[in-house]
Structures are given as structure tokens and as C-alpha cells.
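As C-alpha cells, the structure follows; a few thoughts come after it.
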Amino acid sequence: MATGSGAAAAAADAEEKESGSRMITLTSNEGKAFVVTEASARQSATIRSMVDDGGCVDKGFPLPNVDSKTLARVIQYCDEHGNKEAHTVDERAALAKFDKDFIAELDADKAFLYDVTMAANYLHIQGLFALTTQCIADTIKGKTPEEIRTAFGIEYDLTAQDEEEIKEEDTHA
Amino acid sequence: MASSSPPVRPWADLQHDLLVMIMSRVGLPDLLSGGATRACSAWRASARDPLVWRRVDLRDWAILTSARRRLAAGDGEAAAAGRGRVPLQAALCSVLEIVVRRAAGRMEALLLPEFADEEHLLFLAQSARGWKRRIGTKSVLPIAAPSPSLQITTPSVAN
């Protein structure tokens, strides 16, 4: 009994190791193929579930909603978080530093930040999505409506009723 | 050169769910009177979504009021001047009223500032009772509905 479960665990272990070294191909909407480790691809819950459901790992995964530039950047994040260990304090600090630099670059290019956010949402990459949405939220903080419209290129489209409500908010609060 | 997409992205057309997640990270001062709620109608709708108002922390009242004053500065002199003189208790009342209205029965946790008194707790207790009745009679809970029990915590209890 004990040996049986031990053997099963060893087999599962071996399988996990094997799957960890498997390579997966992700294809952008421009047809460009990116080969990544399974550990990296598994950062995406969307791909993870397709792999676990016995999806066509060999054929790769076409991503019709993601362009090459965005996919390359998303993979950069997944590689860092999927392929590297984050057990020790130093490893965690290195990862935090990576995240900080990663998001600082996106913050400087709002259009790219938008694309990466959409990709993170579509691929369900939780950590990346949290990172980009927090960056967007931080941009909003402390700004007037006009400043926000400028920062994001948003058109003013509030209705007269909205304006009426806003006036009400200002006098009562 | 390969960039065929326009430089400007349709930020106003982001899915509502996605905007709600962004607004949940913006923080209370900006949700109460900040630009996020007034930039455009899509952002306004998401900033007022009950999901954004499920957990509200009013403990750092100083930050809350300074942010509100800063943002209100350009809105009209009379409003700004009046707001500065509103007594603390009344100000909390009006904020609680907004918070409770926005949460629309979905509130999970509310953390009050130290100076909150019985009047505020009474208001919340009455509101919370209303939510339970609403949920009870209709017996319809949204999919992501939290437990109907409300956790009201004052600093003396929480810390």
C-alpha cells in the first residue's frame, strides 16, 4: 500500500518534470510563432486549462487577439514568473524588481499598456493583469476629469443628467 | 513601422467588467469625487458599480478629506468653502450615505474612522436591515453575491 502510493507519487513527479520541460508554441495574430516552456505558458490560466484538458499541445496555440509585439512582452513576463524560482528573499526581491521595471516601461507607453492589459485579460494571467490594472488605477488617482481625458485620450460624453447628478454630489457631499 | 494600429486606444470602450476591476484599485478618495467618476459615461458607470463599493475603508479620514478638497477646488467657490466647514460627524454621515447607496446591498466590509458614533452605526444598522429584507423576499442573489451579513468594524474593535 505504502509502496504503491509512493510509486504513484514518483510517477506523477516524473510526469510533472517531463511536462515542465515540454515546449509550447504560441502564435500571434500576425502568424509569428513563439516557443516557450510549459512553465512559462502555464502563467496563463487560459492556456493552462487547454493543456490540462489534453489540448493540441503539439500543434501549438494560435492567439488571434494578440499581436506579435504584445505577445513578446507578455511572454517576457511569463518567462520571468514561470521559469524562475521565487522561494528565497533574494529571488522574490529580483522578481519584484522585474515587475517594477516592467510596468514602468508600460506606464510610459499608454497604448502598449492597453494592449498588454487586454492580452493579460484574454489569457487570464492573473499577476500581469493585477500589475497593469493597478498601473492604470494609479494613473487615474488624484487627477481631475480633464487630466484623465488627456492622459487616456477619452472624449467627454457625459449627459445633461450626469452633469445634474454631479452637481448634486458636489453640494451634498 | 510594423505598428498598423492607431496610437490612441479606445480606453472609454473597455469592457465594463475590466473597468470595474480598474476602479476597484483606484481608492476611495478618487471614487468619491475624483476625475474617474467624471471623465466619460463608461468610466462613470463603472466607478459607480456596486462591485467597486463592496469593501470600503474610511479609517484614514484625513487623506479622504484632503483629496476631496483638492479635487473640489476647481468645482466652484461656494461648494468648496461650504465643504471645508462641514462638521466631522455630518461629513461622515454624507459619505456613508453615498457609500451605502453605491454598494446597493452588496457591501461586505466597512471600516469606520475613530470618531464614528452611535448615529452612524444606527444609520448602517438600518441600511443593513433593509438589504437583508430585500434579499430575503426576492430570494434572488447575484452569482457573485457576498454573504448578506455585514461586518461593521470600528478601529477600537479591529485593532
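Residue numbering restarts at 1 for every chain of the C-alpha cells, chains are lettered A, B, ... in their displayed order, and ligands are numbered from 1 as they appear.
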request  = Report as JSON, numbers by chain the set of chain B residues whose atoms approach chain A to within 7 Å, with distances computed over only C-alpha atoms.
outcome  = {"B": [7, 8, 9, 11, 12, 22, 23, 25, 26, 30, 34, 35, 36, 38, 39, 40, 41, 71, 79, 94, 95]}
query = B:Leu111, B:Ala42, B:Ala104, B:Leu18: which is nearest B:Trp61, counting only C-alpha atoms?
reply = B:Leu111
Using only C-alpha atoms, find each residue in stretch 63-143 of chain A having at least one atom no more than 6 Å away from stretch 31-41 of chain A; report its shortest atom-to-atom pair and that distance in Å (one decimal), rows by chain then rising number, as JSON lines.
```
{"residue": "A:Cys78", "atom": "CA", "partner": "A:Ser40", "partner_atom": "CA", "distance": 4.9}
{"residue": "A:Asp79", "atom": "CA", "partner": "A:Ser40", "partner_atom": "CA", "distance": 4.9}
{"residue": "A:Gly82", "atom": "CA", "partner": "A:Ser40", "partner_atom": "CA", "distance": 4.2}
{"residue": "A:Asn83", "atom": "CA", "partner": "A:Ser40", "partner_atom": "CA", "distance": 5.9}
```
Selected residues written out, all heavy atoms, as an mmCIF file, in the first residue's frame:
```cif
data_model
loop_
_atom_site.group_PDB
_atom_site.id
_atom_site.type_symbol
_atom_site.label_atom_id
_atom_site.label_comp_id
_atom_site.auth_asym_id
_atom_site.auth_seq_id
_atom_site.Cartn_x
_atom_site.Cartn_y
_atom_site.Cartn_z
ATOM 1 N N CYS A 78 5.846 36.163 -18.504
ATOM 2 C CA CYS A 78 5.574 34.762 -18.165
ATOM 3 C C CYS A 78 6.873 33.975 -17.949
ATOM 4 O O CYS A 78 6.942 33.124 -17.072
ATOM 5 C CB CYS A 78 4.737 34.103 -19.260
ATOM 6 S SG CYS A 78 3.080 34.768 -19.364
ATOM 7 N N ASP A 79 7.883 34.268 -18.756
ATOM 8 C CA ASP A 79 9.180 33.609 -18.593
ATOM 9 C C ASP A 79 9.739 33.905 -17.207
ATOM 10 O O ASP A 79 10.191 33.007 -16.498
ATOM 11 C CB ASP A 79 10.173 34.105 -19.654
ATOM 12 C CG ASP A 79 9.941 33.436 -21.004
ATOM 13 O OD1 ASP A 79 9.173 32.450 -21.037
ATOM 14 O OD2 ASP A 79 10.509 33.906 -22.010
ATOM 15 N N GLY A 82 7.352 32.259 -14.666
ATOM 16 C CA GLY A 82 7.152 30.817 -14.795
ATOM 17 C C GLY A 82 8.433 30.015 -14.699
ATOM 18 O O GLY A 82 8.445 28.920 -14.144
ATOM 19 N N ASN A 83 9.511 30.565 -15.232
ATOM 20 C CA ASN A 83 10.749 29.790 -15.310
ATOM 21 C C ASN A 83 11.662 29.967 -14.117
ATOM 22 O O ASN A 83 12.557 29.177 -13.890
ATOM 23 C CB ASN A 83 11.532 30.156 -16.582
ATOM 24 C CG ASN A 83 10.779 29.767 -17.844
ATOM 25 O OD1 ASN A 83 9.885 28.918 -17.793
ATOM 26 N ND2 ASN A 83 11.106 30.391 -18.957
#
```
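You will find atom CA of A:Ser44 at 13.3 Å from atom CA of A:Val66.
Here atom CA of B:Leu31 and atom CA of B:Leu112 stand 16.8 Å from one another.
Of note, atom CA of A:Phe102 and atom CA of A:Leu71 are spaced 14.1 Å apart.
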ask   = Which residues come within 12 Å of A:Thr46, counting only C-alpha atoms, excluding same-chain residues fewer than 6 positions away, as an MDAnalysis selection string?
value = chainID A and resid 52:53 55 61 63 119:126
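Compared by their closest atoms to A:Leu106, and using only C-alpha atoms, the residues A:Arg73, A:His81, A:Arg92, A:His87 rank with A:Arg73 nearest.
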task = May I have the residues within 10 Å of B:Leu96 as an MDAnalysis selection string, using only C-alpha atoms and disregarding those fewer than 4 positions away in the same chain?
result = (chainID A and resid 173) or (chainID B and resid 56 58 90:92 100:102 110 112 120 123:124)
Next, the residues of the selection above should be written as a CSV table (one decimal), in the first residue's frame with all heavy atoms.
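So the final result, stored in part-v1.csv, reads:
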```csv
chain,number,residue,atom,x,y,z
A,173,ALA,N,-22.1,66.4,-0.7
A,173,ALA,CA,-21.0,65.6,-0.1
A,173,ALA,C,-19.9,66.6,0.4
A,173,ALA,O,-19.9,67.7,0.1
A,173,ALA,CB,-20.5,64.6,-1.1
B,56,VAL,N,-15.2,49.0,1.9
B,56,VAL,CA,-14.9,50.4,2.0
B,56,VAL,C,-14.1,50.7,3.3
B,56,VAL,O,-14.6,50.3,4.4
B,56,VAL,CB,-16.2,51.2,1.9
B,56,VAL,CG1,-15.9,52.7,2.2
B,56,VAL,CG2,-16.8,51.1,0.5
B,58,LEU,N,-12.9,53.6,5.6
B,58,LEU,CA,-12.9,55.1,5.9
B,58,LEU,C,-12.0,55.5,7.0
B,58,LEU,O,-12.1,56.6,7.5
B,58,LEU,CB,-14.4,55.5,6.2
B,58,LEU,CG,-15.4,55.2,5.1
B,58,LEU,CD1,-16.8,55.4,5.7
B,58,LEU,CD2,-15.2,56.2,3.9
B,90,ALA,N,-21.2,65.2,10.5
B,90,ALA,CA,-22.1,65.4,9.4
B,90,ALA,C,-21.4,64.9,8.1
B,90,ALA,O,-22.1,64.3,7.2
B,90,ALA,CB,-22.5,66.8,9.3
B,91,ALA,N,-20.1,65.2,8.0
B,91,ALA,CA,-19.4,64.8,6.8
B,91,ALA,C,-19.4,63.3,6.6
B,91,ALA,O,-19.6,62.8,5.5
B,91,ALA,CB,-18.0,65.4,6.8
B,92,LEU,N,-19.2,62.6,7.8
B,92,LEU,CA,-19.2,61.2,7.7
B,92,LEU,C,-20.5,60.6,7.3
B,92,LEU,O,-20.7,59.7,6.6
B,92,LEU,CB,-18.7,60.6,9.1
B,92,LEU,CG,-18.7,59.1,9.1
B,92,LEU,CD1,-17.8,58.4,8.1
B,92,LEU,CD2,-18.2,58.6,10.5
B,100,VAL,N,-23.2,53.7,1.0
B,100,VAL,CA,-24.3,52.7,1.1
B,100,VAL,C,-25.1,52.6,-0.1
B,100,VAL,O,-25.5,51.6,-0.6
B,100,VAL,CB,-25.1,53.0,2.4
B,100,VAL,CG1,-26.5,52.2,2.3
B,100,VAL,CG2,-24.4,52.6,3.6
B,101,ARG,N,-25.4,53.8,-0.7
B,101,ARG,CA,-26.2,53.9,-1.9
B,101,ARG,C,-25.5,53.2,-3.1
B,101,ARG,O,-26.0,52.4,-3.8
B,101,ARG,CB,-26.5,55.4,-2.2
B,101,ARG,CG,-27.4,55.5,-3.4
B,101,ARG,CD,-28.2,56.9,-3.4
B,101,ARG,NE,-27.6,57.9,-2.5
B,101,ARG,CZ,-26.8,58.9,-3.0
B,101,ARG,NH1,-26.6,59.0,-4.3
B,101,ARG,NH2,-26.4,59.8,-2.2
B,102,ARG,N,-24.2,53.5,-3.2
B,102,ARG,CA,-23.4,52.9,-4.3
B,102,ARG,C,-23.3,51.4,-4.1
B,102,ARG,O,-23.3,50.7,-5.1
B,102,ARG,CB,-22.0,53.5,-4.3
B,102,ARG,CG,-21.9,54.9,-4.6
B,102,ARG,CD,-21.7,55.2,-6.1
B,102,ARG,NE,-21.4,56.6,-6.3
B,102,ARG,CZ,-22.3,57.5,-6.3
B,102,ARG,NH1,-23.6,57.2,-6.1
B,102,ARG,NH2,-22.0,58.8,-6.5
B,110,LEU,N,-17.1,47.3,6.0
B,110,LEU,CA,-17.0,48.7,6.1
B,110,LEU,C,-16.2,49.1,7.3
B,110,LEU,O,-16.5,48.7,8.4
B,110,LEU,CB,-18.4,49.3,6.2
B,110,LEU,CG,-18.5,50.8,6.3
B,110,LEU,CD1,-18.0,51.5,5.1
B,110,LEU,CD2,-19.9,51.2,6.5
B,112,LEU,N,-14.8,52.0,9.7
B,112,LEU,CA,-15.1,53.4,10.1
B,112,LEU,C,-14.0,54.1,10.7
B,112,LEU,O,-13.1,53.5,11.4
B,112,LEU,CB,-16.3,53.4,11.0
B,112,LEU,CG,-17.7,52.8,10.5
B,112,LEU,CD1,-18.7,52.6,11.6
B,112,LEU,CD2,-18.2,53.8,9.4
B,120,HIS,N,-24.0,57.1,13.4
B,120,HIS,CA,-23.5,56.4,12.2
B,120,HIS,C,-23.8,54.9,12.2
B,120,HIS,O,-24.2,54.3,11.2
B,120,HIS,CB,-22.0,56.7,12.0
B,120,HIS,CG,-21.6,58.1,12.0
B,120,HIS,ND1,-20.8,58.7,12.9
B,120,HIS,CD2,-22.0,59.1,11.1
B,120,HIS,CE1,-20.7,60.0,12.7
B,120,HIS,NE2,-21.4,60.2,11.6
B,123,PHE,N,-27.5,54.3,11.5
B,123,PHE,CA,-27.8,54.5,10.1
B,123,PHE,C,-27.4,53.2,9.3
B,123,PHE,O,-28.1,52.7,8.5
B,123,PHE,CB,-27.0,55.7,9.5
B,123,PHE,CG,-27.0,55.8,8.0
B,123,PHE,CD1,-28.1,56.1,7.4
B,123,PHE,CD2,-25.9,55.5,7.3
B,123,PHE,CE1,-28.2,56.2,6.0
B,123,PHE,CE2,-25.9,55.5,5.9
B,123,PHE,CZ,-27.0,55.9,5.3
B,124,LEU,N,-26.2,52.7,9.7
B,124,LEU,CA,-25.7,51.5,9.0
B,124,LEU,C,-26.5,50.3,9.3
B,124,LEU,O,-26.9,49.4,8.5
B,124,LEU,CB,-24.2,51.2,9.3
B,124,LEU,CG,-23.3,52.2,8.7
B,124,LEU,CD1,-21.9,52.1,9.3
B,124,LEU,CD2,-23.2,52.1,7.2
```
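Using only C-alpha atoms, the contacts of B:Ser24 at a cut-off of 8 Å, with sequence neighbours closer than 6 positions omitted, comprise Ala47, Leu51, Val52 and Trp53 of chain B.
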For the selection you just gave me, I'd like the residues written to a file as a compact mmCIF listing (two decimals), in the first residue's frame, keeping all heavy atoms.
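The result, written out as part-v6.txt:
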```txt
# COMPACT_ATOMS: atom_id res chain seq x y z
N ALA B 47 -17.27 53.26 -12.19
CA ALA B 47 -16.85 53.75 -10.87
C ALA B 47 -18.02 53.70 -9.89
O ALA B 47 -17.82 53.70 -8.67
CB ALA B 47 -16.32 55.18 -10.97
N LEU B 51 -20.09 46.61 -7.32
CA LEU B 51 -18.95 45.72 -7.07
C LEU B 51 -17.71 46.48 -6.59
O LEU B 51 -16.89 45.95 -5.87
CB LEU B 51 -18.61 44.94 -8.35
CG LEU B 51 -19.62 43.89 -8.78
CD1 LEU B 51 -19.25 43.30 -10.12
CD2 LEU B 51 -19.72 42.79 -7.73
N VAL B 52 -17.61 47.75 -7.03
CA VAL B 52 -16.46 48.56 -6.64
C VAL B 52 -16.58 48.96 -5.16
O VAL B 52 -15.59 49.24 -4.50
CB VAL B 52 -16.36 49.81 -7.54
CG1 VAL B 52 -15.28 50.76 -7.07
CG2 VAL B 52 -16.10 49.39 -8.98
N TRP B 53 -17.80 48.97 -4.64
CA TRP B 53 -18.07 49.51 -3.30
C TRP B 53 -18.31 48.43 -2.25
O TRP B 53 -18.89 48.68 -1.21
CB TRP B 53 -19.27 50.45 -3.38
CG TRP B 53 -19.00 51.62 -4.28
CD1 TRP B 53 -19.10 51.64 -5.64
CD2 TRP B 53 -18.55 52.91 -3.89
NE1 TRP B 53 -18.74 52.87 -6.12
CE2 TRP B 53 -18.40 53.68 -5.07
CE3 TRP B 53 -18.26 53.51 -2.66
CZ2 TRP B 53 -17.97 55.00 -5.05
CZ3 TRP B 53 -17.84 54.82 -2.64
CH2 TRP B 53 -17.70 55.56 -3.82
```
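Nearest-residue note for B:Glu97: choosing from B:Ser127, B:Asp117, B:Thr65, B:Ser46, the minimum distance belongs to B:Ser127, counting only C-alpha atoms.
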